[in-house]
file start.pdb (PDB, C-alpha atoms)
ATOM      1  CA  MET A   1      90.365  94.113  87.624
ATOM      2  CA  GLU A   2      87.032  92.404  87.636
ATOM      3  CA  LYS A   3      85.331  95.446  86.086
ATOM      4  CA  LYS A   4      88.184  96.954  84.042
ATOM      5  CA  GLY A   5      90.100  93.880  82.920
ATOM      6  CA  GLU A   6      93.644  92.578  83.248
ATOM      7  CA  ASN A   7      95.257  95.727  81.819
ATOM      8  CA  VAL A   8      94.040  98.080  84.552
ATOM      9  CA  GLY A   9      96.786 100.085  86.244
ATOM     10  CA  LEU A  10      97.305 100.448  89.969
ATOM     11  CA  SER A  11      99.165 102.961  92.117
ATOM     12  CA  PHE A  12     100.249 102.397  95.700
ATOM     13  CA  TYR A  13      98.027 105.359  96.610
ATOM     14  CA  ALA A  14      95.046 103.097  95.896
ATOM     15  CA  PHE A  15      95.644 101.399  99.248
ATOM     16  CA  PHE A  16      95.023 104.609 101.195
ATOM     17  CA  ALA A  17      92.126 106.957 101.824
ATOM     18  CA  ASN A  18      92.260 110.239  99.959
ATOM     19  CA  LYS A  19      94.096 111.824 102.880
ATOM     20  CA  ASN A  20      97.413 111.402 104.605
ATOM     21  CA  ASP A  21      96.206 110.081 107.958
ATOM     22  CA  ASN A  22      98.960 107.460 108.345
ATOM     23  CA  PRO A  23     102.177 108.939 106.913
ATOM     24  CA  LYS A  24     104.412 106.224 108.418
ATOM     25  CA  LEU A  25     102.508 103.446 106.661
ATOM     26  CA  LEU A  26     102.328 105.476 103.449
ATOM     27  CA  MET A  27     106.121 105.830 103.472
ATOM     28  CA  GLU A  28     106.592 102.105 104.156
ATOM     29  CA  VAL A  29     104.430 101.238 101.158
ATOM     30  CA  ALA A  30     106.157 103.862  99.001
ATOM     31  CA  GLU A  31     109.554 102.391  99.928
ATOM     32  CA  TRP A  32     108.341  98.851  99.120
ATOM     33  CA  TRP A  33     106.857 100.004  95.797
ATOM     34  CA  ILE A  34     109.500 102.459  94.594
ATOM     35  CA  MET A  35     112.799 101.659  96.277
ATOM     36  CA  LYS A  36     112.654  97.896  96.879
ATOM     37  CA  HIS A  37     110.893  96.799  93.693
ATOM     38  CA  GLN A  38     111.604  99.847  91.471
ATOM     39  CA  LEU A  39     108.041  99.914  90.194
ATOM     40  CA  ASP A  40     106.606 102.766  88.171
ATOM     41  CA  HIS A  41     103.925 104.982  89.690
ATOM     42  CA  PHE A  42     101.267 102.939  87.867
ATOM     43  CA  GLU A  43     101.745  99.221  87.356
ATOM     44  CA  LYS A  44      99.457  96.514  86.036
ATOM     45  CA  ALA A  45      97.204  95.424  88.880
ATOM     46  CA  VAL A  46      97.718  91.783  87.918
ATOM     47  CA  LYS A  47     101.491  92.214  88.443
ATOM     48  CA  ILE A  48     100.987  93.646  91.946
ATOM     49  CA  ARG A  49      98.518  90.900  92.836
ATOM     50  CA  GLU A  50     101.048  88.248  91.797
ATOM     51  CA  MET A  51     103.814  89.939  93.807
ATOM     52  CA  VAL A  52     101.664  90.068  96.935
ATOM     53  CA  GLU A  53     100.502  86.474  96.496
ATOM     54  CA  ASN A  54     104.136  85.374  96.184
ATOM     55  CA  GLY A  55     105.112  87.202  99.388
ATOM     56  CA  LEU A  56     107.266  89.821  97.769
TER      57      LEU A  56
END

call {"tool": "encode", "arguments": {"input": "start.pdb", "output": "structure tokens"}}
result
Amino acid sequence: MEKKGENVGLSFYAFFANKNDNPKLLMEVAEWWIMKHQLDHFEKAVKIREMVENGL
């Protein structure tokens, strides 16, 4: 966000290396992102930051 601004998009894949070395954690994050919060594949990074800061 610092380099690309407030409108930059973020995917939950951004939290993982470019390989599936922890599938259990990947699925936990996918469930949090998709099922629990019904977020799109890409969301505004500022929205995700606010959610995390608020303990969601």

call {"tool": "residues_around", "arguments": {"input": "start.pdb", "residues": "segment 2-18 of chain A", "least_positions_apart": "5", "cutoff": "6 Å", "atoms": "all atoms listed in the file", "output": "ChimeraX atom specification"}}
result
/A:41-45

call {"tool": "write_last_selection", "arguments": {"input": "start.pdb", "atoms": "C-alpha atoms", "output": "PDB file, keeping the file's coordinate frame"}}
result
ATOM      1  CA  HIS A  41     103.925 104.982  89.690  1.00  0.00           C
ATOM      2  CA  PHE A  42     101.267 102.939  87.867  1.00  0.00           C
ATOM      3  CA  GLU A  43     101.745  99.221  87.356  1.00  0.00           C
ATOM      4  CA  LYS A  44      99.457  96.514  86.036  1.00  0.00           C
ATOM      5  CA  ALA A  45      97.204  95.424  88.880  1.00  0.00           C
TER       6      ALA A  45
END

call {"tool": "atom_distance", "arguments": {"input": "start.pdb", "atom1": "atom CA of Asn54 of chain A", "atom2": "atom CA of His37 of chain A"}}
result
13.5 Å

call {"tool": "atom_distance", "arguments": {"input": "start.pdb", "atom1": "atom CA of Val52 of chain A", "atom2": "atom CA of Leu39 of chain A"}}
result
13.5 Å

call {"tool": "atom_distance", "arguments": {"input": "start.pdb", "atom1": "atom CA of Glu50 of chain A", "atom2": "atom CA of Trp33 of chain A"}}
result
13.7 Å
